[in-house]
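K.L.:
First the structure, which I've put down as structure tokens, then a few questions once you've had a look.
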Amino acid sequence: MTLLFTPEELIQYLYKETSPELSAAIKAAIQEDWTLREKLEVLQNSTQSLDKIIESPRTEAILHVLNYARESVGEAVQQP
């Protein structure tokens with residue numbers, strides 16, 4: 001019998017956020033179902049790739065935000 005697990009449940013399993021019962025069920029299912037094992041492997045590779053991605057805003061964007069903040073504070077202070 002093939003049990004169906006949602007992608008969310010599989011991600012929770014990877015992050016060890018599932019209940020002991022669900023973890024046991026998924027672990028047993030991946031031993032028998034190669035398609036589930038492959039889905040889990042794809043998700044695992046994706047989560048590892050996400051951990052490697054480092055994004056930061058452009059310097060220009062940061063400067064615009066800082067300038068806007070300075071202007072907003074300056075206007076608020078100048079008002080009686």
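Chain identifiers are assigned as A, B, and so on, following the order in which chains appear in the structure tokens; residues are numbered from 1 within each chain, and ligands are numbered from 1 in order of appearance.
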May I have all residues of stretch 3-75 of chain A that DSSP, computed from the backbone, assigns to helix (DSSP H, G or I), given as a PyMOL selection string?
P.N.:
chain A and resi 7-14+20-32+34-52+59-75
K.L.:
Here is a test: counting only C-alpha atoms, which residue of A:Ile11, A:Leu22, A:Thr59, A:Arg70 is nearest to A:Ser46?
P.N.:
A:Ile11
K.L.:
What is the distance between atom CA of A:Ala24 and atom CA of A:Arg37, in Å to one decimal?
P.N.:
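Spanning atom CA of A:Ala24 to atom CA of A:Arg37 is a straight-line distance of 14.2 Å.
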K.L.:
Can you pull out the residues contacting A:Ile26? Cut-off 8 Å, using only C-alpha atoms, and skip same-chain residues under 3 positions away; I want them as a PDB file with C-alpha atoms, in the first residue's frame.
P.N.:
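Result file follows (around39.pdb):
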```pdb
ATOM      1  CA  PHE A   5       2.568  12.466   1.739  1.00  0.00           C
ATOM      2  CA  LEU A  10       8.240  15.788   3.461  1.00  0.00           C
ATOM      3  CA  TYR A  13      10.413  15.458   7.829  1.00  0.00           C
ATOM      4  CA  LEU A  22       4.608  10.589  10.942  1.00  0.00           C
ATOM      5  CA  SER A  23       8.399  10.320  10.871  1.00  0.00           C
ATOM      6  CA  ALA A  29       7.423   4.462   3.072  1.00  0.00           C
ATOM      7  CA  ILE A  30      10.734   5.677   1.592  1.00  0.00           C
TER       8      ILE A  30
END
```
